[in-house]
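Visitor: Structure in structure tokens, see below.
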Amino acid sequence: MTIRTAIIGFGTAGRVFHAPFVAADPHYALSAVVTRDEGRRAEAVARYPSARVLPDVDALLTLAADEDSFVVLRHDSGVHSYLWMNGLAAQVGPRFHVLGSRGAYTKYGLDPQLDPQEAALKAGAAPTDPSFGGEPEPAWRLLGIDGAARPVPTLAGSYAQFYARLADALLSGGPLPVDPREAVRVIELVERIHQRSVVQCGPAARPTA
């Protein structure tokens, strides 16, 4: 698997250290260089003609984004996850839709409705506030079956746990709150999905008699 790589910043570190080694190592593909400086953009184009040279990070994220994606994951437990993403949809679908044989749980809403911590922090709340991370009752979602579903409270989030666990890892040798190996596995999974995805285009099938 080739590791597609973007270098953000083409000053001394990006131009002298990172880019030459990334370009020379066959395990990597230098896919993009980001720099606001026009002169450095011209230099990057001349040195790495196969790379996309972009003026800012927003352009990089737009380049990397998929407008419409659907992925099915089969977990070791036997559970299947269906992941949809569409940046062009006129209506927002449910963020979580968990289906079981005896009931379902459905929750709508994008951030900050999905996780009210961000909205609370922007409004000036502190993580030590008693109600921090909680969600108001109108935002609760339904659990059950059609005709017999009931609203259930959303468990309060806790970004603070990340920092507490990081402190434990640094001071006491505990496990990291996020294992870097898990992040690598996610990147590998995304890369495999991109490599195996097939877009089929052609004339519409005609109905048969």
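Scheme for the structure tokens: letters A, B, ... for chains in order shown; per-chain residue numbers from 1; ligand numbers from 1 in order shown.
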Please provide the set of residues having any atom within 9 Å of region 3-9 of chain A, restricted to only C-alpha atoms, with same-chain residues fewer than 6 positions apart removed, written as a PDB file with N, CA and C atoms, in the first residue's frame.
Guide:
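Output saved as selection-v4.pdb:
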ATOM      1  N   ARG A  15      10.220  22.003   2.685  1.00  0.00           N
ATOM      2  CA  ARG A  15      10.967  21.973   1.422  1.00  0.00           C
ATOM      3  C   ARG A  15      12.274  21.201   1.531  1.00  0.00           C
ATOM      4  N   HIS A  18      11.166  17.368   4.771  1.00  0.00           N
ATOM      5  CA  HIS A  18      10.110  16.384   4.549  1.00  0.00           C
ATOM      6  C   HIS A  18       9.947  15.985   3.082  1.00  0.00           C
ATOM      7  N   ALA A  19       9.778  16.958   2.195  1.00  0.00           N
ATOM      8  CA  ALA A  19       9.430  16.649   0.807  1.00  0.00           C
ATOM      9  C   ALA A  19      10.445  15.737   0.118  1.00  0.00           C
ATOM     10  N   VAL A  22      10.033  12.113   1.518  1.00  0.00           N
ATOM     11  CA  VAL A  22       8.750  11.513   1.147  1.00  0.00           C
ATOM     12  C   VAL A  22       8.763  11.133  -0.330  1.00  0.00           C
ATOM     13  N   HIS A  27       7.471   3.885  -0.411  1.00  0.00           N
ATOM     14  CA  HIS A  27       6.294   3.607   0.401  1.00  0.00           C
ATOM     15  C   HIS A  27       5.315   4.787   0.402  1.00  0.00           C
ATOM     16  N   TYR A  28       5.799   5.972   0.006  1.00  0.00           N
ATOM     17  CA  TYR A  28       4.986   7.182   0.052  1.00  0.00           C
ATOM     18  C   TYR A  28       4.713   7.697  -1.360  1.00  0.00           C
ATOM     19  N   ALA A  29       3.623   8.445  -1.479  1.00  0.00           N
ATOM     20  CA  ALA A  29       3.333   9.199  -2.701  1.00  0.00           C
ATOM     21  C   ALA A  29       3.076  10.639  -2.286  1.00  0.00           C
ATOM     22  N   LEU A  30       3.906  11.547  -2.758  1.00  0.00           N
ATOM     23  CA  LEU A  30       3.717  12.960  -2.436  1.00  0.00           C
ATOM     24  C   LEU A  30       2.568  13.476  -3.290  1.00  0.00           C
ATOM     25  N   SER A  31       1.384  13.519  -2.696  1.00  0.00           N
ATOM     26  CA  SER A  31       0.173  13.834  -3.452  1.00  0.00           C
ATOM     27  C   SER A  31      -0.116  15.320  -3.520  1.00  0.00           C
ATOM     28  N   ALA A  32       0.285  16.077  -2.487  1.00  0.00           N
ATOM     29  CA  ALA A  32      -0.063  17.495  -2.466  1.00  0.00           C
ATOM     30  C   ALA A  32       0.935  18.271  -1.620  1.00  0.00           C
ATOM     31  N   VAL A  33       1.118  19.528  -1.999  1.00  0.00           N
ATOM     32  CA  VAL A  33       1.919  20.486  -1.232  1.00  0.00           C
ATOM     33  C   VAL A  33       1.065  21.728  -1.037  1.00  0.00           C
ATOM     34  N   VAL A  34       1.017  22.223   0.199  1.00  0.00           N
ATOM     35  CA  VAL A  34       0.213  23.401   0.516  1.00  0.00           C
ATOM     36  C   VAL A  34       1.136  24.526   0.961  1.00  0.00           C
ATOM     37  N   THR A  35       1.059  25.664   0.289  1.00  0.00           N
ATOM     38  CA  THR A  35       1.808  26.851   0.702  1.00  0.00           C
ATOM     39  C   THR A  35       1.130  28.092   0.144  1.00  0.00           C
ATOM     40  N   ARG A  36       1.081  29.151   0.944  1.00  0.00           N
ATOM     41  CA  ARG A  36       0.473  30.407   0.502  1.00  0.00           C
ATOM     42  C   ARG A  36       1.431  31.236  -0.354  1.00  0.00           C
ATOM     43  N   ALA A  51       2.613  16.201  -7.996  1.00  0.00           N
ATOM     44  CA  ALA A  51       1.871  16.595  -6.798  1.00  0.00           C
ATOM     45  C   ALA A  51       0.940  17.758  -7.113  1.00  0.00           C
ATOM     46  N   ARG A  52      -0.192  17.803  -6.421  1.00  0.00           N
ATOM     47  CA  ARG A  52      -1.081  18.959  -6.502  1.00  0.00           C
ATOM     48  C   ARG A  52      -0.539  20.036  -5.579  1.00  0.00           C
ATOM     49  N   ASP A  56      -3.991  26.713   0.154  1.00  0.00           N
ATOM     50  CA  ASP A  56      -4.384  26.691   1.561  1.00  0.00           C
ATOM     51  C   ASP A  56      -4.945  25.322   1.925  1.00  0.00           C
ATOM     52  N   VAL A  57      -5.150  25.136   3.232  1.00  0.00           N
ATOM     53  CA  VAL A  57      -5.620  23.846   3.736  1.00  0.00           C
ATOM     54  C   VAL A  57      -7.051  23.570   3.280  1.00  0.00           C
ATOM     55  N   LEU A  60      -7.003  21.796   0.155  1.00  0.00           N
ATOM     56  CA  LEU A  60      -6.576  20.405   0.349  1.00  0.00           C
ATOM     57  C   LEU A  60      -7.735  19.546   0.831  1.00  0.00           C
ATOM     58  N   GLU A 188      -5.387   2.922   7.145  1.00  0.00           N
ATOM     59  CA  GLU A 188      -5.238   1.792   6.228  1.00  0.00           C
ATOM     60  C   GLU A 188      -6.588   1.344   5.686  1.00  0.00           C
ATOM     61  N   GLU A 191      -7.783   3.806   3.082  1.00  0.00           N
ATOM     62  CA  GLU A 191      -7.021   3.633   1.848  1.00  0.00           C
ATOM     63  C   GLU A 191      -7.505   2.402   1.080  1.00  0.00           C
TER      64      GLU A 191
END
Visitor: Mind giving me the straight-line distance from CA of Ala13 (chain A) to CA of Ile187 (chain A) in Å, one decimal?
Guide: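 Between these atoms lies a distance of 24.0 Å.
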Visitor: Would you return as a ChimeraX atom specification the members of chain A that DSSP assigns to helix (DSSP H, G or I) on this structure's backbone?
Guide: /A:12-24,38-47,57-64,117-122,137-139,160-172,180-196
Visitor: Considering only C-alpha atoms, state which residue in the set A:Asp179, A:Asp37, A:Glu135, A:Asp129 is at the smallest distance from Pro116 (chain A).
Guide: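 The closest residue to Pro116 (chain A) is A:Glu135.
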Visitor: So that I can check the surroundings of Pro177 (chain A), please list as JSON, numbers by chain every protein, DNA and RNA residue that reaches within 12 Å of it, counting only C-alpha atoms and ignoring chain neighbours fewer than 3 positions away.
Guide: {"A": [159, 160, 161, 162, 163, 164, 165, 166, 167, 168, 169, 170, 173, 174, 180, 181, 182, 183]}
Visitor: When DSSP works through the backbone of this structure, what residues of region 2-200 of chain A end up as strand (DSSP E or B), shown as number ranges by chain?
Guide: A: 3-8, 28-34, 52-54, 68-74, 80-86, 96-99, 104-107, 141-144, 150-152
Visitor: Taking only C-alpha atoms into account, name the residue in A:Ser101, A:Gln195, A:Asn86, A:Gln91 that is nearest to Ser69 (chain A).
Guide: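 Going through A:Ser101, A:Gln195, A:Asn86, A:Gln91 one by one, the smallest distance to Ser69 (chain A) is for A:Asn86.
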Visitor: How many Å lie between CA of Leu189 (chain A) and CA of Arg74 (chain A), rounded to one decimal?
Guide: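 CA of Arg74 (chain A) lies at a distance of 12.3 Å from CA of Leu189 (chain A).
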Visitor: Would you kindly return, as a ChimeraX atom specification, each protein, DNA or RNA residue with an atom no farther than 12 Å from any atom of Thr128 (chain A), considering only C-alpha atoms and excluding same-chain residues fewer than 2 positions away?
Guide: /A:117,120-121,124-126,130-133,158-161
